[in-house]
Amino acid sequence: MAEKKPKRECPGCGLLMPRSDKVTYDGYFNSSPECWVVFEEVLAVASSKDTYAPVYQLIVDAYAAQHAGGKHPDRSVLVHLAGLYAAFDLEVPYNEIPPLLQRLAAQNTKWPRMRPPEFPSPLTVLELALAEGSADFITRAGTWANSVWNSWAEHHGRVATFVNNAGT
């Protein structure tokens with residue numbers, strides 16, 4: 001009988017994956033090494049076709065926001081929450097979000113700390129890794145990112161104020 005591998009839970013999203021001591025991870029996000037590997041695989045897929053361009057930034061922003069806490073800097077968390085705010089509340093076109101976030105990051109020196117949600121999104125980056133085809137991948141990316149943004153509901157007003165005060 002094969003020995004069952006122990007699992008490790010991601011501190012950011014709760015994803016349970018078989019533990020791997022072969023994975024290296026610098027710990028920038030509040031993520032398990034195994035969850036980080038899934039994210040890297042999803043980003044590789046998202047970078048592979050122009051079809052995925054509309055959801056690439058959503059994927060990055062959702063992952064960063066879902067993995068707040070730990071050593072993850074306040075600046076990064078707030079910038080990525082601003083990306084989700086721009087996408088879902090302001091309905092900014094996807095190709096205008098990265099320059100908006102760059103301006104926001106360049107203009108600010110104070111980065112308020114936002115406590116991660118008590119009840120994080122039940123969806124994880126694994127949802128995208130399990131997608132079957134382009135349309136499914138795009139749908140899952142939007143659903144996951146929206147779920148992550150909604151999990152931060154108590155901070156929506158603070159994020160909106162921060163973005164609007166930055167004059168972006």
# chains A, B, ... in the order shown; residues from 1 in each chain; ligands from 1

call {"tool": "residues_around", "arguments": {"residues": "Leu58 of chain A", "least_positions_apart": "2", "cutoff": "8 Å", "atoms": "only C-alpha atoms", "output": "PyMOL selection string"}}
result
chain A and resi 54-56+60-62+83-84+87+141-142+145

call {"tool": "write_last_selection", "arguments": {"atoms": "C-alpha atoms", "output": "compact mmCIF listing (two decimals), in the first residue's frame"}}
result
# COMPACT_ATOMS: atom_id res chain seq x y z
CA PRO A 54 -8.91 40.19 -19.93
CA VAL A 55 -8.48 38.02 -16.83
CA TYR A 56 -4.70 38.07 -16.29
CA VAL A 60 -2.87 38.40 -10.04
CA ASP A 61 -5.04 40.76 -7.97
CA ALA A 62 -7.26 37.98 -6.61
CA GLY A 83 -7.33 46.41 -8.97
CA LEU A 84 -10.34 44.35 -7.93
CA ALA A 87 -12.55 45.84 -12.24
CA ALA A 141 -11.17 33.50 -13.17
CA GLY A 142 -13.94 36.09 -12.99
CA ALA A 145 -11.76 37.12 -8.38

call {"tool": "residues_around", "arguments": {"residues": "Val45 of chain A", "least_positions_apart": "6", "cutoff": "10 Å", "atoms": "only C-alpha atoms", "output": "ChimeraX atom specification"}}
result
/A:39,52,56,128-129,134,137

call {"tool": "write_last_selection", "arguments": {"atoms": "C-alpha atoms", "output": "PDB file, in the first residue's frame"}}
result
ATOM      1  CA  PHE A  39      -0.602  29.941  -8.924  1.00  0.00           C
ATOM      2  CA  TYR A  52      -6.776  35.280 -21.452  1.00  0.00           C
ATOM      3  CA  TYR A  56      -4.702  38.067 -16.295  1.00  0.00           C
ATOM      4  CA  LEU A 128      -8.632  27.832 -12.456  1.00  0.00           C
ATOM      5  CA  ALA A 129      -6.152  24.974 -12.619  1.00  0.00           C
ATOM      6  CA  SER A 134     -10.561  28.804 -22.534  1.00  0.00           C
ATOM      7  CA  PHE A 137     -10.889  29.302 -17.529  1.00  0.00           C
TER       8      PHE A 137
END

call {"tool": "closest_residue", "arguments": {"among": "A:Leu123, A:Trp36, A:His72, A:Leu104", "to": "Thr24 of chain A", "atoms": "only C-alpha atoms"}}
result
A:Trp36

call {"tool": "closest_residue", "arguments": {"among": "A:Leu101, A:Val163, A:Leu130, A:Leu81", "to": "His67 of chain A", "atoms": "only C-alpha atoms"}}
result
A:Leu81

call {"tool": "residues_around", "arguments": {"residues": "Pro117 of chain A", "least_positions_apart": "3", "cutoff": "9 Å", "atoms": "only C-alpha atoms", "output": "list in words"}}
result
Gln66, Met114, Pro120, Ser121, Ser151, Trp152, Ala153, Glu154 and His155 of chain A

call {"tool": "write_last_selection", "arguments": {"atoms": "N, CA and C atoms", "output": "PDB file, in the first residue's frame"}}
result
ATOM      1  N   GLN A  66      -6.160  37.470  -1.752  1.00  0.00           N
ATOM      2  CA  GLN A  66      -6.537  36.284  -0.985  1.00  0.00           C
ATOM      3  C   GLN A  66      -5.394  35.817  -0.085  1.00  0.00           C
ATOM      4  N   MET A 114      -4.904  46.631   6.243  1.00  0.00           N
ATOM      5  CA  MET A 114      -6.268  46.116   6.214  1.00  0.00           C
ATOM      6  C   MET A 114      -6.243  44.667   6.659  1.00  0.00           C
ATOM      7  N   PRO A 120     -12.656  34.171   4.440  1.00  0.00           N
ATOM      8  CA  PRO A 120     -12.132  34.343   3.084  1.00  0.00           C
ATOM      9  C   PRO A 120     -12.976  33.608   2.048  1.00  0.00           C
ATOM     10  N   SER A 121     -12.737  33.951   0.813  1.00  0.00           N
ATOM     11  CA  SER A 121     -13.447  33.290  -0.287  1.00  0.00           C
ATOM     12  C   SER A 121     -13.269  31.777  -0.196  1.00  0.00           C
ATOM     13  N   SER A 151     -15.235  38.938  -0.444  1.00  0.00           N
ATOM     14  CA  SER A 151     -14.812  38.542   0.904  1.00  0.00           C
ATOM     15  C   SER A 151     -14.197  39.722   1.667  1.00  0.00           C
ATOM     16  N   TRP A 152     -13.750  40.736   0.945  1.00  0.00           N
ATOM     17  CA  TRP A 152     -13.172  41.942   1.548  1.00  0.00           C
ATOM     18  C   TRP A 152     -14.229  43.046   1.721  1.00  0.00           C
ATOM     19  N   ALA A 153     -15.513  42.705   1.719  1.00  0.00           N
ATOM     20  CA  ALA A 153     -16.607  43.687   1.716  1.00  0.00           C
ATOM     21  C   ALA A 153     -16.475  44.746   2.806  1.00  0.00           C
ATOM     22  N   GLU A 154     -16.023  44.356   3.984  1.00  0.00           N
ATOM     23  CA  GLU A 154     -15.935  45.347   5.069  1.00  0.00           C
ATOM     24  C   GLU A 154     -14.928  46.450   4.757  1.00  0.00           C
ATOM     25  N   HIS A 155     -14.033  46.226   3.797  1.00  0.00           N
ATOM     26  CA  HIS A 155     -13.023  47.227   3.439  1.00  0.00           C
ATOM     27  C   HIS A 155     -13.304  47.917   2.105  1.00  0.00           C
TER      28      HIS A 155
END

call {"tool": "residues_around", "arguments": {"residues": "Lys5 of chain A", "least_positions_apart": "6", "cutoff": "10 Å", "atoms": "only C-alpha atoms", "output": "MDAnalysis selection string"}}
result
chainID A and resid 17:20

call {"tool": "closest_residue", "arguments": {"among": "A:Val23, A:Val38, A:Cys10, A:Ala65", "to": "Leu126 of chain A", "atoms": "only C-alpha atoms"}}
result
A:Val38

call {"tool": "closest_residue", "arguments": {"among": "A:Glu118, A:Arg8, A:Ala135, A:His80", "to": "Leu100 of chain A", "atoms": "only C-alpha atoms"}}
result
A:His80

call {"tool": "select_by_dssp", "arguments": {"residues": "segment 1-161 of chain A", "states": "strand (DSSP E)", "output": "PyMOL selection string"}}
result
chain A and resi 7-9+16-18

call {"tool": "write_last_selection", "arguments": {"atoms": "N, CA and C atoms", "output": "PDB file, in the first residue's frame"}}
result
ATOM      1  N   LYS A   7      -0.553  16.469   4.050  1.00  0.00           N
ATOM      2  CA  LYS A   7      -1.001  17.663   3.329  1.00  0.00           C
ATOM      3  C   LYS A   7      -0.630  18.914   4.112  1.00  0.00           C
ATOM      4  N   ARG A   8      -0.512  20.011   3.363  1.00  0.00           N
ATOM      5  CA  ARG A   8      -0.240  21.302   3.985  1.00  0.00           C
ATOM      6  C   ARG A   8      -1.356  22.257   3.570  1.00  0.00           C
ATOM      7  N   GLU A   9      -1.863  22.996   4.548  1.00  0.00           N
ATOM      8  CA  GLU A   9      -2.915  23.966   4.270  1.00  0.00           C
ATOM      9  C   GLU A   9      -2.297  25.327   4.001  1.00  0.00           C
ATOM     10  N   LEU A  16      -5.760  22.834   0.531  1.00  0.00           N
ATOM     11  CA  LEU A  16      -5.017  21.681   1.052  1.00  0.00           C
ATOM     12  C   LEU A  16      -4.376  20.944  -0.115  1.00  0.00           C
ATOM     13  N   MET A  17      -3.057  20.846  -0.071  1.00  0.00           N
ATOM     14  CA  MET A  17      -2.314  20.168  -1.142  1.00  0.00           C
ATOM     15  C   MET A  17      -1.307  19.216  -0.512  1.00  0.00           C
ATOM     16  N   PRO A  18      -0.958  18.139  -1.229  1.00  0.00           N
ATOM     17  CA  PRO A  18       0.093  17.258  -0.707  1.00  0.00           C
ATOM     18  C   PRO A  18       1.384  18.050  -0.473  1.00  0.00           C
TER      19      PRO A  18
END

call {"tool": "closest_atom_pairs", "arguments": {"of": "segment 46-104 of chain A", "to": "segment 28-31 of chain A", "cutoff": "8 Å", "atoms": "only C-alpha atoms", "output": "tab-separated table"}}
result
residue	atom	partner	partner_atom	distance
A:Ala64	CA	A:Phe29	CA	6.8
A:His67	CA	A:Asn30	CA	4.8
A:Ala68	CA	A:Asn30	CA	5.8
A:Gly69	CA	A:Asn30	CA	5.7
A:Gly70	CA	A:Asn30	CA	5.3
A:Lys71	CA	A:Tyr28	CA	6.2
A:His72	CA	A:Phe29	CA	4.9

call {"tool": "write_last_selection", "arguments": {"atoms": "C-alpha atoms", "output": "PDB file, in the first residue's frame"}}
result
ATOM      1  CA  ALA A  64      -2.526  38.708  -3.871  1.00  0.00           C
ATOM      2  CA  HIS A  67      -3.017  35.787   0.383  1.00  0.00           C
ATOM      3  CA  ALA A  68      -2.813  38.925   2.528  1.00  0.00           C
ATOM      4  CA  GLY A  69      -1.316  38.707   5.991  1.00  0.00           C
ATOM      5  CA  GLY A  70       1.971  37.308   7.174  1.00  0.00           C
ATOM      6  CA  LYS A  71       4.916  39.103   5.541  1.00  0.00           C
ATOM      7  CA  HIS A  72       2.790  40.305   2.601  1.00  0.00           C
TER       8      HIS A  72
END

call {"tool": "atom_distance", "arguments": {"atom1": "atom CA of Glu132 of chain A", "atom2": "atom CA of Val148 of chain A"}}
result
21.4 Å

call {"tool": "atom_distance", "arguments": {"atom1": "atom CA of Ile138 of chain A", "atom2": "atom CA of Ser48 of chain A"}}
result
13.0 Å

call {"tool": "closest_residue", "arguments": {"among": "A:Lys49, A:Pro33, A:Arg140, A:Ile97", "to": "Tyr85 of chain A", "atoms": "only C-alpha atoms"}}
result
A:Ile97

call {"tool": "decode", "arguments": {"residues": "segment 84-132 of chain A", "atoms": "N, CA and C atoms", "output": "mmCIF file, in the first residue's frame"}}
result
data_model
loop_
_atom_site.group_PDB
_atom_site.id
_atom_site.type_symbol
_atom_site.label_atom_id
_atom_site.label_comp_id
_atom_site.auth_asym_id
_atom_site.auth_seq_id
_atom_site.Cartn_x
_atom_site.Cartn_y
_atom_site.Cartn_z
ATOM 1 N N LEU A 84 -9.033 45.018 -7.972
ATOM 2 C CA LEU A 84 -10.340 44.351 -7.929
ATOM 3 C C LEU A 84 -11.467 45.380 -7.876
ATOM 4 N N TYR A 85 -11.266 46.442 -7.109
ATOM 5 C CA TYR A 85 -12.244 47.531 -7.037
ATOM 6 C C TYR A 85 -12.447 48.146 -8.426
ATOM 7 N N ALA A 86 -11.341 48.414 -9.114
ATOM 8 C CA ALA A 86 -11.430 49.007 -10.453
ATOM 9 C C ALA A 86 -12.183 48.087 -11.411
ATOM 10 N N ALA A 87 -11.914 46.799 -11.327
ATOM 11 C CA ALA A 87 -12.548 45.841 -12.238
ATOM 12 C C ALA A 87 -14.035 45.670 -11.952
ATOM 13 N N PHE A 88 -14.380 45.469 -10.689
ATOM 14 C CA PHE A 88 -15.757 45.100 -10.366
ATOM 15 C C PHE A 88 -16.664 46.279 -10.038
ATOM 16 N N ASP A 89 -16.152 47.283 -9.341
ATOM 17 C CA ASP A 89 -17.016 48.397 -8.948
ATOM 18 C C ASP A 89 -16.992 49.539 -9.960
ATOM 19 N N LEU A 90 -15.811 49.846 -10.487
ATOM 20 C CA LEU A 90 -15.696 50.937 -11.454
ATOM 21 C C LEU A 90 -15.837 50.458 -12.896
ATOM 22 N N GLU A 91 -15.744 49.153 -13.090
ATOM 23 C CA GLU A 91 -15.817 48.549 -14.423
ATOM 24 C C GLU A 91 -14.806 49.158 -15.395
ATOM 25 N N VAL A 92 -13.600 49.379 -14.893
ATOM 26 C CA VAL A 92 -12.502 49.886 -15.717
ATOM 27 C C VAL A 92 -12.109 48.779 -16.701
ATOM 28 N N PRO A 93 -11.905 49.114 -17.975
ATOM 29 C CA PRO A 93 -11.468 48.086 -18.932
ATOM 30 C C PRO A 93 -10.162 47.431 -18.472
ATOM 31 N N TYR A 94 -10.053 46.121 -18.703
ATOM 32 C CA TYR A 94 -8.926 45.343 -18.184
ATOM 33 C C TYR A 94 -7.571 45.910 -18.580
ATOM 34 N N ASN A 95 -7.459 46.466 -19.782
ATOM 35 C CA ASN A 95 -6.160 46.971 -20.226
ATOM 36 C C ASN A 95 -5.788 48.304 -19.585
ATOM 37 N N GLU A 96 -6.723 48.946 -18.903
ATOM 38 C CA GLU A 96 -6.438 50.211 -18.220
ATOM 39 C C GLU A 96 -6.114 50.011 -16.742
ATOM 40 N N ILE A 97 -6.311 48.815 -16.229
ATOM 41 C CA ILE A 97 -6.081 48.578 -14.799
ATOM 42 C C ILE A 97 -4.597 48.576 -14.436
ATOM 43 N N PRO A 98 -3.709 47.880 -15.154
ATOM 44 C CA PRO A 98 -2.287 47.924 -14.759
ATOM 45 C C PRO A 98 -1.702 49.338 -14.692
ATOM 46 N N PRO A 99 -1.941 50.231 -15.691
ATOM 47 C CA PRO A 99 -1.398 51.583 -15.553
ATOM 48 C C PRO A 99 -2.007 52.344 -14.370
ATOM 49 N N LEU A 100 -3.295 52.109 -14.110
ATOM 50 C CA LEU A 100 -3.941 52.738 -12.957
ATOM 51 C C LEU A 100 -3.241 52.306 -11.664
ATOM 52 N N LEU A 101 -2.958 51.019 -11.536
ATOM 53 C CA LEU A 101 -2.301 50.509 -10.327
ATOM 54 C C LEU A 101 -0.869 51.023 -10.215
ATOM 55 N N GLN A 102 -0.190 51.170 -11.337
ATOM 56 C CA GLN A 102 1.167 51.722 -11.310
ATOM 57 C C GLN A 102 1.153 53.166 -10.826
ATOM 58 N N ARG A 103 0.192 53.954 -11.304
ATOM 59 C CA ARG A 103 0.078 55.347 -10.838
ATOM 60 C C ARG A 103 -0.240 55.383 -9.346
ATOM 61 N N LEU A 104 -1.145 54.539 -8.922
ATOM 62 C CA LEU A 104 -1.515 54.482 -7.508
ATOM 63 C C LEU A 104 -0.299 54.160 -6.643
ATOM 64 N N ALA A 105 0.474 53.179 -7.044
ATOM 65 C CA ALA A 105 1.663 52.780 -6.278
ATOM 66 C C ALA A 105 2.709 53.886 -6.259
ATOM 67 N N ALA A 106 2.853 54.606 -7.354
ATOM 68 C CA ALA A 106 3.870 55.660 -7.443
ATOM 69 C C ALA A 106 3.480 56.914 -6.666
ATOM 70 N N GLN A 107 2.194 57.180 -6.532
ATOM 71 C CA GLN A 107 1.715 58.414 -5.916
ATOM 72 C C GLN A 107 1.614 58.356 -4.400
ATOM 73 N N ASN A 108 1.639 57.198 -3.826
ATOM 74 C CA ASN A 108 1.353 57.078 -2.399
ATOM 75 C C ASN A 108 2.570 56.668 -1.594
ATOM 76 N N THR A 109 2.613 57.205 -0.376
ATOM 77 C CA THR A 109 3.675 56.821 0.555
ATOM 78 C C THR A 109 3.101 56.169 1.806
ATOM 79 N N LYS A 110 1.810 56.371 2.049
ATOM 80 C CA LYS A 110 1.164 55.773 3.222
ATOM 81 C C LYS A 110 0.254 54.647 2.759
ATOM 82 N N TRP A 111 0.426 53.518 3.423
ATOM 83 C CA TRP A 111 -0.322 52.326 3.044
ATOM 84 C C TRP A 111 -1.024 51.763 4.275
ATOM 85 N N PRO A 112 -2.324 52.075 4.419
ATOM 86 C CA PRO A 112 -3.039 51.568 5.592
ATOM 87 C C PRO A 112 -3.104 50.043 5.607
ATOM 88 N N ARG A 113 -3.037 49.504 6.793
ATOM 89 C CA ARG A 113 -3.132 48.051 6.969
ATOM 90 C C ARG A 113 -4.608 47.664 6.971
ATOM 91 N N MET A 114 -4.904 46.631 6.243
ATOM 92 C CA MET A 114 -6.268 46.116 6.214
ATOM 93 C C MET A 114 -6.243 44.667 6.659
ATOM 94 N N ARG A 115 -6.981 44.420 7.711
ATOM 95 C CA ARG A 115 -7.043 43.062 8.255
ATOM 96 C C ARG A 115 -7.715 42.139 7.239
ATOM 97 N N PRO A 116 -7.089 41.001 6.936
ATOM 98 C CA PRO A 116 -7.712 40.063 5.996
ATOM 99 C C PRO A 116 -9.091 39.622 6.486
ATOM 100 N N PRO A 117 -9.961 39.245 5.573
ATOM 101 C CA PRO A 117 -11.327 38.862 5.939
ATOM 102 C C PRO A 117 -11.364 37.695 6.919
ATOM 103 N N GLU A 118 -12.320 37.784 7.821
ATOM 104 C CA GLU A 118 -12.521 36.687 8.771
ATOM 105 C C GLU A 118 -12.992 35.433 8.034
ATOM 106 N N PHE A 119 -13.790 35.652 6.999
ATOM 107 C CA PHE A 119 -14.298 34.538 6.193
ATOM 108 C C PHE A 119 -13.824 34.725 4.753
ATOM 109 N N PRO A 120 -12.656 34.171 4.440
ATOM 110 C CA PRO A 120 -12.132 34.343 3.084
ATOM 111 C C PRO A 120 -12.976 33.608 2.048
ATOM 112 N N SER A 121 -12.737 33.951 0.813
ATOM 113 C CA SER A 121 -13.447 33.290 -0.287
ATOM 114 C C SER A 121 -13.269 31.777 -0.196
ATOM 115 N N PRO A 122 -14.343 31.024 -0.405
ATOM 116 C CA PRO A 122 -14.210 29.560 -0.396
ATOM 117 C C PRO A 122 -13.546 29.037 -1.675
ATOM 118 N N LEU A 123 -13.451 29.883 -2.690
ATOM 119 C CA LEU A 123 -12.818 29.491 -3.946
ATOM 120 C C LEU A 123 -11.326 29.788 -3.880
ATOM 121 N N THR A 124 -10.536 29.002 -4.588
ATOM 122 C CA THR A 124 -9.084 29.199 -4.600
ATOM 123 C C THR A 124 -8.574 29.165 -6.038
ATOM 124 N N VAL A 125 -7.300 29.422 -6.186
ATOM 125 C CA VAL A 125 -6.656 29.387 -7.497
ATOM 126 C C VAL A 125 -6.760 27.998 -8.132
ATOM 127 N N LEU A 126 -6.980 26.990 -7.327
ATOM 128 C CA LEU A 126 -7.125 25.637 -7.863
ATOM 129 C C LEU A 126 -8.316 25.545 -8.821
ATOM 130 N N GLU A 127 -9.349 26.364 -8.583
ATOM 131 C CA GLU A 127 -10.518 26.372 -9.483
ATOM 132 C C GLU A 127 -10.070 26.618 -10.921
ATOM 133 N N LEU A 128 -9.109 27.513 -11.113
ATOM 134 C CA LEU A 128 -8.632 27.832 -12.456
ATOM 135 C C LEU A 128 -7.790 26.701 -13.024
ATOM 136 N N ALA A 129 -7.003 26.082 -12.166
ATOM 137 C CA ALA A 129 -6.152 24.974 -12.619
ATOM 138 C C ALA A 129 -6.992 23.803 -13.123
ATOM 139 N N LEU A 130 -8.212 23.695 -12.649
ATOM 140 C CA LEU A 130 -9.097 22.595 -13.044
ATOM 141 C C LEU A 130 -9.999 22.944 -14.233
ATOM 142 N N ALA A 131 -9.841 24.148 -14.764
ATOM 143 C CA ALA A 131 -10.690 24.590 -15.877
ATOM 144 C C ALA A 131 -10.484 23.713 -17.109
ATOM 145 N N GLU A 132 -11.565 23.563 -17.851
ATOM 146 C CA GLU A 132 -11.530 22.776 -19.088
ATOM 147 C C GLU A 132 -11.801 23.703 -20.265
#
